Structures are given as structure tokens and as C-alpha cells.
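Have a look at protein_16.cif; it's mmCIF, C-alpha atoms and all ligand atoms:
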data_entry
#
loop_
_atom_site.label_atom_id
_atom_site.label_comp_id
_atom_site.auth_asym_id
_atom_site.auth_seq_id
_atom_site.Cartn_x
_atom_site.Cartn_y
_atom_site.Cartn_z
CA MET A 26 23.18 -13.47 -24.21
CA LYS A 27 24.65 -10.24 -22.93
CA ILE A 28 22.80 -7.02 -22.12
CA THR A 29 23.77 -3.80 -20.38
CA VAL A 30 21.75 -2.74 -17.37
CA THR A 31 21.89 0.87 -16.18
CA ILE A 32 20.57 1.85 -12.78
CA GLY A 33 21.28 5.41 -11.67
CA ASP A 34 24.85 6.10 -12.76
CA GLN A 35 25.93 2.45 -12.66
CA ASN A 36 26.30 0.33 -15.81
CA GLU A 37 26.63 -3.40 -15.63
CA VAL A 38 26.91 -6.05 -18.33
CA LYS A 39 24.69 -9.00 -17.48
CA GLU A 40 24.53 -12.51 -18.88
CA ILE A 41 20.91 -13.62 -19.12
CA SER A 42 18.98 -16.39 -20.83
CA ASN A 43 17.35 -15.74 -24.22
CA SER A 44 14.01 -14.05 -24.79
CA ILE A 45 12.98 -12.97 -21.36
CA THR A 46 10.70 -9.99 -20.79
CA ILE A 47 11.38 -6.79 -18.88
CA LYS A 48 9.12 -8.16 -16.19
CA ASP A 49 11.29 -11.30 -15.87
CA LEU A 50 14.43 -9.19 -15.78
CA LEU A 51 13.07 -7.01 -12.97
CA LYS A 52 12.18 -10.14 -11.04
CA ILE A 53 15.74 -11.46 -11.44
CA LEU A 54 17.10 -8.12 -10.24
CA GLU A 55 14.58 -8.10 -7.37
CA ILE A 56 13.21 -4.69 -8.33
CA PRO A 57 9.43 -4.16 -7.83
CA SER A 58 8.13 -3.25 -11.28
CA GLU A 59 5.59 -0.80 -9.84
CA THR A 60 8.39 1.50 -8.65
CA VAL A 61 10.32 1.97 -11.89
CA VAL A 62 10.11 3.22 -15.45
CA VAL A 63 12.22 1.15 -17.86
CA LYS A 64 13.85 2.31 -21.08
CA LYS A 65 15.18 -0.08 -23.70
CA ASN A 66 17.74 1.53 -26.00
CA GLU A 67 16.49 4.99 -24.97
CA TYR A 68 12.76 4.24 -25.46
CA ILE A 69 10.29 3.71 -22.63
CA VAL A 70 8.91 0.15 -22.78
CA ILE A 71 6.20 -1.84 -21.03
CA ASN A 72 6.78 -4.92 -18.85
CA GLU A 73 5.90 -7.33 -21.65
CA GLU A 74 8.71 -6.07 -23.91
CA ILE A 75 11.25 -8.77 -24.90
CA VAL A 76 14.89 -8.20 -24.01
CA GLU A 77 17.35 -9.01 -26.82
CA GLU A 78 21.10 -9.51 -27.23
CA GLY A 79 23.04 -6.28 -26.88
CA ASP A 80 20.12 -4.27 -25.49
CA ASN A 81 20.77 -1.37 -23.20
CA ILE A 82 18.23 -1.45 -20.40
CA GLU A 83 17.89 1.60 -18.20
CA ILE A 84 15.93 1.24 -14.98
CA ILE A 85 14.73 4.54 -13.50
CA LYS A 86 13.38 4.43 -9.98
CA VAL A 87 10.46 6.85 -9.70
CA ILE A 88 8.83 5.69 -6.47
CA PHE A 89 10.61 5.75 -3.16
CA GLY A 90 9.51 3.95 -0.03
CA GLY A 91 8.22 7.11 1.72
CA MET B 21 4.28 -5.43 -31.57
CA TYR B 22 1.84 -3.67 -29.25
CA LYS B 23 -0.17 -0.80 -30.70
CA CYS B 24 -1.67 2.26 -29.03
CA THR B 25 -5.38 1.76 -28.30
CA LYS B 26 -6.06 5.40 -29.22
CA CYS B 27 -4.05 6.12 -32.36
CA GLY B 28 -2.79 2.70 -33.48
CA GLU B 29 0.85 3.78 -33.39
CA SER B 30 3.81 2.01 -31.82
CA PRO B 31 5.66 1.82 -29.53
CA VAL B 32 3.46 1.89 -26.45
CA ILE B 33 4.83 3.03 -23.12
CA ILE B 34 2.08 1.95 -20.74
CA GLN B 35 -0.49 -0.73 -20.30
CA ARG B 36 -3.12 0.51 -17.88
CA LYS B 37 -3.87 -2.51 -15.77
CA ALA B 38 -7.21 -1.18 -14.61
CA SER B 39 -8.63 -0.69 -18.12
CA GLY B 40 -6.30 -2.75 -20.29
CA GLN B 41 -5.68 0.36 -22.38
CA LEU B 42 -2.31 0.58 -24.20
CA LEU B 43 -0.91 4.02 -24.93
CA CYS B 44 1.95 5.48 -26.95
CA LYS B 45 3.99 8.34 -25.54
CA GLU B 46 2.02 11.15 -27.18
CA CYS B 47 -1.38 9.71 -26.30
CA PHE B 48 -0.30 9.02 -22.72
CA ILE B 49 0.96 12.58 -22.22
CA ASP B 50 -2.10 14.13 -23.87
CA SER B 51 -4.66 12.02 -22.06
CA THR B 52 -3.00 12.55 -18.68
CA LYS B 53 -2.81 16.30 -19.20
CA GLU B 54 -6.45 16.37 -20.25
CA LYS B 55 -7.47 14.30 -17.26
CA VAL B 56 -5.81 16.77 -14.88
CA LEU B 57 -7.34 19.78 -16.64
CA ARG B 58 -10.72 18.06 -16.54
CA ASP B 59 -10.38 17.41 -12.80
CA ILE B 60 -9.42 21.05 -12.22
CA ARG B 61 -12.71 22.06 -13.91
CA LYS B 62 -14.81 19.29 -12.39
CA TYR B 63 -13.83 20.10 -8.80
CA GLY B 64 -13.77 23.85 -9.40
CA LEU B 65 -10.16 24.10 -8.26
CA ILE B 66 -9.46 27.43 -9.88
CA GLU B 67 -11.30 30.52 -10.99
CA LYS B 68 -10.23 32.97 -13.64
CA GLY B 69 -7.87 35.50 -12.12
CA ASP B 70 -6.55 33.21 -9.39
CA LYS B 71 -2.94 33.55 -8.40
CA VAL B 72 -1.87 30.00 -7.66
CA LEU B 73 1.05 29.26 -5.37
CA ILE B 74 2.70 26.05 -6.55
CA ALA B 75 4.34 24.11 -3.72
CA LEU B 76 7.32 23.06 -5.80
CA SER B 77 9.66 20.50 -4.23
CA GLY B 78 11.33 19.64 -7.52
CA GLY B 79 9.98 16.09 -7.27
CA LYS B 80 7.97 14.46 -10.04
CA ASP B 81 4.53 15.41 -8.75
CA SER B 82 5.08 19.11 -8.24
CA VAL B 83 7.05 19.53 -11.48
CA MET B 84 4.31 17.75 -13.43
CA MET B 85 1.65 19.88 -11.74
CA MET B 86 3.48 23.10 -12.55
CA SER B 87 3.88 22.16 -16.21
CA ILE B 88 0.12 21.59 -16.50
CA PHE B 89 -0.83 24.75 -14.63
CA ASP B 90 1.48 26.60 -16.98
CA ILE B 91 -0.94 25.79 -19.81
CA LEU B 92 -3.60 27.82 -17.96
CA ARG B 93 -1.12 30.58 -17.21
CA ARG B 94 -0.22 30.93 -20.88
CA ARG B 95 -3.91 31.18 -21.69
CA ASN B 96 -4.06 34.10 -19.21
CA ILE B 97 -6.53 32.31 -16.98
CA ILE B 98 -4.34 32.27 -13.88
CA ASP B 99 -1.08 33.65 -12.55
CA LEU B 100 1.54 31.41 -10.93
CA ILE B 101 4.24 31.65 -8.32
CA ALA B 102 6.39 28.65 -7.40
CA VAL B 103 7.59 28.24 -3.83
CA THR B 104 10.16 25.73 -2.65
CA ILE B 105 10.50 25.08 1.06
CA ASP B 106 13.97 24.44 2.39
CA GLU B 107 13.34 22.48 5.58
CA GLY B 108 17.05 22.03 6.04
CA ILE B 109 17.44 18.30 5.35
CA LYS B 110 21.08 17.79 4.63
CA GLY B 111 22.10 15.71 1.62
CA TYR B 112 18.57 15.73 0.27
CA ARG B 113 16.94 19.09 -0.16
CA GLU B 114 19.84 20.86 -1.92
CA ASP B 115 19.37 19.02 -5.22
CA GLY B 116 15.61 19.41 -5.08
CA ILE B 117 15.95 23.19 -4.81
CA LYS B 118 18.31 23.38 -7.78
CA ILE B 119 16.02 21.30 -9.96
CA ALA B 120 12.93 23.23 -8.81
CA ARG B 121 14.61 26.48 -9.80
CA LYS B 122 15.61 25.17 -13.24
CA ASN B 123 12.05 24.07 -13.98
CA ALA B 124 10.51 27.36 -12.88
CA ASP B 125 13.10 29.35 -14.84
CA LYS B 126 12.51 27.31 -17.97
CA LEU B 127 8.82 28.23 -17.93
CA GLY B 128 9.49 31.81 -16.82
CA ILE B 129 7.61 31.40 -13.55
CA LYS B 130 8.62 33.46 -10.52
CA HIS B 131 10.31 31.20 -7.97
CA LYS B 132 10.93 31.69 -4.27
CA VAL B 133 12.86 29.54 -1.79
CA VAL B 134 11.70 29.85 1.82
CA LEU B 135 13.57 28.45 4.81
CA PHE B 136 12.44 26.75 8.01
CA LYS B 137 15.39 28.48 9.57
CA HIS B 138 14.08 31.88 8.62
CA TYR B 139 10.59 31.36 10.02
CA PHE B 140 11.29 29.04 12.97
CA ASN B 141 14.92 29.82 13.80
CA LYS B 142 15.92 26.24 13.21
CA ASN B 143 16.12 23.76 10.40
CA LEU B 144 14.50 20.33 10.55
CA ASP B 145 17.76 18.43 11.07
CA ASP B 146 18.50 20.49 14.19
CA MET B 147 14.96 20.16 15.46
CA MET B 148 15.36 16.41 15.33
CA LYS B 149 18.81 16.46 16.89
CA ASP B 150 17.61 18.63 19.76
CA GLN B 151 14.36 16.78 20.28
CA ILE B 152 13.80 16.57 24.01
CA GLN B 153 13.81 13.15 25.61
CA GLY B 154 10.45 11.47 25.69
CA ASP B 155 9.27 13.34 22.59
CA SER B 156 9.05 10.53 20.11
CA ARG B 157 7.26 12.42 17.40
CA HIS B 158 8.40 11.66 13.90
CA ALA B 159 10.19 14.24 11.73
CA CYS B 160 7.27 14.17 9.30
CA THR B 161 4.87 15.31 12.02
CA TYR B 162 6.88 18.50 12.55
CA CYS B 163 7.68 18.89 8.91
CA GLY B 164 4.05 18.56 7.84
CA VAL B 165 2.71 21.10 10.34
CA LEU B 166 5.49 23.62 9.76
CA ARG B 167 5.28 23.31 6.00
CA ARG B 168 1.56 23.96 6.03
CA TRP B 169 2.16 27.02 8.19
CA ILE B 170 4.83 28.38 5.84
CA LEU B 171 2.75 27.83 2.72
CA ASN B 172 -0.23 29.65 4.21
CA ARG B 173 1.98 32.51 5.38
CA VAL B 174 3.87 32.89 2.10
CA ALA B 175 0.63 32.67 0.11
CA GLN B 176 -0.66 35.70 2.03
CA GLU B 177 2.62 37.54 1.64
CA GLU B 178 2.52 36.95 -2.11
CA GLY B 179 -1.17 37.65 -2.54
CA ALA B 180 -1.84 34.11 -3.75
CA THR B 181 -5.47 33.01 -3.79
CA LYS B 182 -4.85 29.23 -3.97
CA ILE B 183 -2.12 26.87 -2.77
CA ALA B 184 -1.60 23.89 -5.07
CA THR B 185 0.17 20.77 -3.83
CA GLY B 186 1.27 17.75 -5.84
CA HIS B 187 -0.53 15.06 -3.82
CA ASN B 188 -1.19 12.09 -6.08
CA LEU B 189 -3.64 9.20 -5.85
CA ASP B 190 -1.21 7.11 -3.81
CA ASP B 191 -0.76 9.93 -1.27
CA GLU B 192 -4.46 10.55 -1.01
CA THR B 193 -5.31 6.86 -0.56
CA GLN B 194 -2.62 6.60 2.10
CA SER B 195 -4.13 9.53 3.99
CA ILE B 196 -7.59 7.98 3.88
CA ILE B 197 -6.45 4.56 5.13
CA MET B 198 -4.00 6.02 7.63
CA ASN B 199 -6.48 8.34 9.29
CA TYR B 200 -9.09 5.63 9.28
CA LEU B 201 -6.76 3.11 10.92
CA GLU B 202 -5.75 5.67 13.53
CA GLY B 203 -9.35 6.60 14.20
CA ASN B 204 -8.54 10.16 13.31
CA LEU B 205 -11.93 11.14 11.96
CA ASP B 206 -11.28 14.83 12.27
CA ASN B 207 -8.42 14.65 9.80
CA LEU B 208 -10.39 12.27 7.63
CA THR B 209 -13.12 14.82 6.98
CA ARG B 210 -10.50 17.27 5.76
CA ILE B 211 -9.28 15.08 2.89
CA GLY B 212 -10.45 16.19 -0.54
CA PRO B 213 -9.55 17.93 -3.80
CA LYS B 214 -10.02 21.38 -2.23
CA SER B 215 -9.90 22.57 1.37
CA GLU B 216 -13.18 24.01 2.54
CA SER B 217 -12.52 26.23 5.52
CA ASN B 218 -14.35 29.53 5.26
CA TYR B 219 -11.99 31.19 7.72
CA HIS B 220 -10.53 34.06 5.76
CA LYS B 221 -6.97 33.49 6.88
CA PHE B 222 -6.83 30.04 5.35
CA VAL B 223 -5.76 30.23 1.73
CA PRO B 224 -7.67 27.38 -0.01
CA LYS B 225 -5.53 24.35 -0.90
CA ILE B 226 -6.06 22.37 -4.06
CA LYS B 227 -4.76 18.99 -5.28
CA PRO B 228 -5.02 18.68 -9.07
CA LEU B 229 -3.13 15.35 -9.23
CA ARG B 230 -5.35 13.62 -6.72
CA GLU B 231 -6.55 11.09 -9.30
CA ILE B 232 -3.18 10.41 -10.93
CA THR B 233 -1.21 7.43 -9.62
CA GLU B 234 2.32 7.98 -8.41
CA LYS B 235 3.60 5.59 -11.06
CA GLU B 236 1.88 7.55 -13.82
CA ALA B 237 3.31 10.81 -12.48
CA GLY B 238 6.76 9.21 -12.73
CA LEU B 239 6.07 8.02 -16.24
CA TYR B 240 4.69 11.43 -17.22
CA VAL B 241 7.82 13.37 -16.26
CA ILE B 242 10.15 10.88 -17.93
CA ALA B 243 8.05 10.70 -21.10
CA SER B 244 7.93 14.52 -21.17
CA ASN B 245 11.69 14.84 -20.56
CA LEU B 246 11.13 16.97 -17.49
CA GLU B 247 14.08 17.12 -15.13
CA VAL B 248 12.98 16.10 -11.63
CA HIS B 249 14.56 15.28 -8.30
CA LEU B 250 14.30 11.53 -7.87
CA ALA B 251 15.45 10.75 -4.35
CA SER B 252 14.10 9.73 -1.01
CA CYS B 253 13.96 11.92 2.07
CA PRO B 254 16.13 10.37 4.79
CA TYR B 255 13.23 10.68 7.26
CA ALA B 256 10.61 9.07 5.01
CA GLY B 257 11.16 5.34 5.34
CA ASP B 258 10.17 4.55 8.88
CA SER B 259 6.97 6.58 9.11
CA PHE B 260 3.53 5.06 9.54
CA ARG B 261 2.56 6.67 6.26
CA GLY B 262 5.39 4.78 4.58
CA GLU B 263 4.18 1.49 6.02
CA VAL B 264 0.62 2.11 4.89
CA GLY B 265 1.90 3.16 1.46
CA ARG B 266 3.82 -0.06 0.97
CA PHE B 267 0.81 -2.08 2.05
CA ILE B 268 -1.49 -0.39 -0.47
CA LYS B 269 1.05 -0.71 -3.30
CA LYS B 270 1.39 -4.41 -2.52
CA LEU B 271 -2.40 -4.83 -2.67
CA SER B 272 -2.50 -2.92 -5.96
CA GLU B 273 -0.33 -5.52 -7.69
CA ASN B 274 -3.20 -8.01 -7.79
CA HIS B 275 -6.01 -5.48 -7.44
CA PRO B 276 -5.11 -2.68 -9.84
CA THR B 277 -8.23 -0.60 -9.19
CA ILE B 278 -8.01 -0.62 -5.40
CA MET B 279 -6.75 2.96 -5.02
CA TYR B 280 -9.46 4.36 -7.30
CA SER B 281 -12.19 2.50 -5.42
CA THR B 282 -10.81 3.61 -2.05
CA LEU B 283 -10.93 7.23 -3.21
CA ARG B 284 -14.36 6.97 -4.83
CA GLY B 285 -15.83 5.26 -1.78
CA PHE B 286 -14.34 7.84 0.53
CA ASP B 287 -15.59 10.77 -1.53
CA LYS B 288 -19.11 9.34 -1.22
CA ILE B 289 -18.93 8.85 2.54
CA LYS B 290 -17.28 12.18 3.22
CA PRO B 291 -20.35 14.44 3.13
CA ILE B 292 -22.09 12.13 5.59
CA LEU B 293 -19.05 12.08 7.87
CA LYS B 294 -18.86 15.84 7.75
CA ARG B 295 -22.50 16.25 8.57
CA GLU B 296 -22.24 13.95 11.55
CA LEU B 297 -18.88 15.07 12.85
CA THR B 298 -18.54 18.77 12.28
CA THR B 299 -17.80 20.24 15.69
CA ASN B 300 -18.26 23.83 14.62
CA GLY B 301 -15.15 24.73 16.57
CA ALA B 302 -14.79 28.36 15.64
CA MET B 303 -11.40 29.33 14.31
CA ASN B 304 -9.24 31.67 16.34
CA THR B 305 -6.18 33.61 15.49
CA CYS B 306 -2.93 32.39 16.99
CA LYS B 307 -1.82 34.76 19.75
CA GLN B 308 1.77 34.44 18.69
CA CYS B 309 1.85 34.47 14.91
CA GLY B 310 -1.61 35.54 13.81
CA GLU B 311 -2.21 32.47 11.68
CA PRO B 312 -5.40 30.41 12.08
CA ALA B 313 -5.54 28.30 15.25
CA SER B 314 -8.13 26.14 16.99
CA GLY B 315 -6.94 27.21 20.46
CA ASP B 316 -4.78 30.09 21.68
CA LEU B 317 -1.76 28.94 19.74
CA CYS B 318 -1.55 27.36 16.31
CA LYS B 319 0.09 23.95 16.03
CA ALA B 320 3.26 25.37 14.51
CA CYS B 321 3.74 27.75 17.44
CA THR B 322 3.22 25.00 20.03
CA PHE B 323 6.02 23.14 18.26
CA SER B 324 8.35 26.04 17.71
CA ASP B 325 7.88 27.26 21.30
CA LYS B 326 9.88 24.25 22.38
CA TRP B 327 12.95 25.33 20.49
CA LYS B 328 13.27 28.77 21.94
S1 LIG C 401 9.43 12.71 4.25
FE1 LIG C 401 8.80 13.71 6.16
S2 LIG C 401 10.58 14.87 6.82
FE2 LIG C 401 10.94 14.33 4.67
S3 LIG C 401 10.19 16.09 3.51
FE3 LIG C 401 8.47 14.65 3.65
S4 LIG C 401 7.32 15.26 5.49
FE4 LIG C 401 9.35 16.28 5.58
ZN ZN C 402 -1.22 6.85 -29.44
ZN ZN C 403 1.08 30.48 15.61
#
What's the C-alpha cells form of this structure?
Amino acid sequence: MKITVTIGDQNEVKEISNSITIKDLLKILEIPSETVVVKKNEYIVINEEIVEEGDNIEIIKVIFGG
Amino acid sequence: MYKCTKCGESPVIIQRKASGQLLCKECFIDSTKEKVLRDIRKYGLIEKGDKVLIALSGGKDSVMMMSIFDILRRRNIIDLIAVTIDEGIKGYREDGIKIARKNADKLGIKHKVVLFKHYFNKNLDDMMKDQIQGDSRHACTYCGVLRRWILNRVAQEEGATKIATGHNLDDETQSIIMNYLEGNLDNLTRIGPKSESNYHKFVPKIKPLREITEKEAGLYVIASNLEVHLASCPYAGDSFRGEVGRFIKKLSENHPTIMYSTLRGFDKIKPILKRELTTNGAMNTCKQCGEPASGDLCKACTFSDKWK
């Protein structure tokens, strides 16, 4: 299935397998989940949220290495 | 569908790993706000009539802190002034200043931008460029000392009775572990919700977000639709603090309460440390700038002397 992933001002359409969670998605993208807040279709979601076809996932980095 | 532990509504925006609690947006914002207000009371961080100087970088922590202090300002308990320090870090600080200003304006809080260049004749970028050979001190060492100096000076200029900084639980835990690992017990005894010097020239410093994790501060500003500067200082990554921070965050993944227990443990040991270690070194006044100093010159002046 296809989803759109937004990080900063970059949008990217990604092909991923069905019914994965936000946590799985972050793992695939190699983003530590403790450093980001994730919105699914404009709403903040928790790591256990399921990602579905056509979803717009926005990943907002709130913690920086320093 | 997950439901909020408090009100039963959906959707939830956080699962607190430490307690298992699930919270919806409203309950998360309310409970976090209440927690900070409770900590302000519990640690006696403010008194009625205080004029609090908010060290406002425009980042998530300081913007969150200002929005909560504004509740007390609107109740006429305290007065506020927001101060943003422009260290002169190119490509980084400019956006922070703009966002800081917008947030202060939105709440109708007086806002001041103060420059390293104005007080020390040089901005941080130039200090680092001109660093003399053999001086391997990190930018953050200068920055930290000079920022503290400026805040104390501006607080006096503005008649502020408290200086509030946005240090969160992650920052505080880092300081504890860092100073412990470096054997820097003197600095260790100075960590706490409120600075305790009775020297009159030190404006007391307070840290209302000391028990809020960095992640929750990030979630708070996004959930509250506050505009904040989300970026990393170009000098931040390679500091020892950064290394310690990454180590603690890594540990927290499998041990979600580790930062709380580090803080609680430290707060219990601290009075004993203080009793044993207090040197009673009387405070002087810096011969050059008149700010508090432990010797003839304050730390900021020993640094800025080099750049003359
Ligand atoms: S990371 Fe270091 S140099 Fe950058 S603003 Fe913070 S203390 Fe200053
Ligand atoms: Zn709720
Ligand atoms: Zn001085």
C-alpha cells in the first residue's frame, strides 16, 4: 500500500506492507521514536497506531542531539 | 481504539511508559500544565509580586514555560519580561529570535533581545574563530558562562526578581550525571529547582520544567499549536553533554523511569553533599564588571579579557 510521509518540508510517497504500526514505520525509516512527534492525517498519534492505505504521516523532530 | 485513562475519550496522543497512562490531547495539556504549576508551588519558585525574567530562546522548552507563566501573570500574581540572547550563531539564532518575538507578542509580554556583541564586543562565532591555539574549550563552555552573566545583568537592569530557564528533566539528569562523571562536585551541589546563593547580586534562578521530559515538552507545544524553533545549534553535537544525553536517552528506552529516579535520588543526596562540601568561599564583586565573582574577576571577564 501507498502512504505519504512528510518530514520537515519534504513529502515522499512510500510503498509499505499492510497494517504496520507507526513504531514499525519509524524503525524502517531509522528514526528513533523518542525524538519525534508523529501526526497521522493531522492528528497526533501514539506509536501503536496502525498505518493505513493513503495515510498522510507527518514526522516532527522535537529532540536534537545536543 | 485506545481511550484516555482520565476522560475516556479518543484519540489518545501519548502513552506514558512509566505509568502506562493513556491521555487525549486535552487531558495531556491540562495535566502537564497542572504539574508545572504544582511544582512551582511545591518548590516555592515564585512569590506574589515577583517580576520573572523568562530566558526565551524560542525553543520548545522556553515557549512552553512562558505560556504557563502567563497563566500566573493574567491572574496578577507575577509580572513577566521575556529576554532572548543573541549569541551570534549564524544560520541558527536568527529564526529563534523571530519565533521568540512572535510568541511574546501574541501574549502581550514585553520582549527584549540582548547581544553577546553588545556586552562582550564579539559574537560567539567570532570568539570560536579567534580562539587562541591550545585553547580547546568548547563553544558551550563560553556560551554557558557568558549567557549566565548576561541574564544576571539584564535581570538587574530590568528589576527582575527571578530568572526562569526552560531546563527540562533530560537537561537536569544530564547535568547530574555529567558533573558526577567529571568529579565536579562543586557544580553538582548547585543543581536544583532554585538557586540558593544569598549573595544579593545573584538574581535567583528557577527551573519550572525540571520534572518534564524533553519529549513531553515537544509534545506539549505541538499539541497546543505553539510555534517554536525546532533546530539544532551547530555547536551542540560534539559536546560531552551531548554524549551523556544520548547515553541517558538510550537507557530510557528500556528503563522508562530512569531519569525520574536519577533526579529523585540526587535531590535526596544533595543536602548531605552540601553539608559536607560547602566551602563557604565568600562571594566577591568582580573588579571589572561588578557582577558576583569567586576571585578578583568573574568567569565571564576572565574569558572576555582574552578577546580584547
Ligand atoms: S549548544 Fe552550546 S553553543 Fe549552542 S546555544 Fe547551547 S550552549 Fe550555546
Ligand atoms: Zn482525556
Ligand atoms: Zn566580571
ask   = Near chain A, which residues of chain B fall within 9 Å when you count all atoms listed in the file, and what do they look like as a PyMOL selection string?
value = chain B and resi 21+31-35+45+80+234-235+237-239+242-243+250-253+255-259+261-263+265-266+269+273
task = For each of B:Val103, B:Cys24, B:Cys321, B:Ala159, take the minimum atom-to-atom distance to B:Glu178, counting all atoms listed in the file, then give the residue where this is smallest.
result =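 Checking each of B:Val103, B:Cys24, B:Cys321, B:Ala159 against B:Glu178, counting all atoms listed in the file, the winner is B:Val103.
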Environment of ligand LIG 401 (chain C) within 12 Å, counting all atoms listed in the file, reported as a ChimeraX atom specification = /A:89-91 /B:76-79,104-113,116,136,143-145,147-148,157-168,187,191,251-262
request  = Extract, using all atoms listed in the file, all DNA, RNA and protein residues at most 12 Å from A:Thr29, discarding same-chain residues fewer than 3 positions from it, and format them as a list in words.
outcome  = Met26, Ile32, Gln35, Asn36, Glu37, Val38, Lys39, Glu40, Ile41, Leu50, Lys64, Lys65, Asn66, Val76, Glu77, Glu78, Gly79, Asp80, Asn81, Ile82, Glu83 and Ile84 of chain A
message = Please find the residues contacting ligand ZN 403 (chain C) at a distance of at most 12 Å between atoms, with only C-alpha atoms and all ligand atoms counted, and report them as a count of residues only.
response = 31
inquiry  = Show me which residues line ligand ZN 402 (chain C), defined as having an atom within 8 Å of a ligand atom where only C-alpha atoms and all ligand atoms count, and present them as a PyMOL selection string.
reply    = chain B and resi 23-30+32+43-48
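Taking atom CA of B:Arg295 as the reference point, atom CA of B:Leu283 is found at 18.8 Å.
Closest approach to B:Asp81 from the set B:Thr282, B:Asn188, B:Ser51, B:Thr181 is made by B:Asn188, with distances taken over all atoms listed in the file.
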Six-sided padding of 5 Å per side, axis-aligned box over stretch 129-135 of chain B, centre and edges in Å, one decimal, as JSON:
{"center_x": 10.6, "center_y": 31.0, "center_z": -4.4, "size_x": 16.0, "size_y": 15.0, "size_z": 28.4}
ask   = B:Glu236, B:Lys214, B:Gly285, B:Leu297: which is nearest B:Asp59, counting only C-alpha atoms?
value =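 Result for the nearest residue to B:Asp59: B:Lys214.
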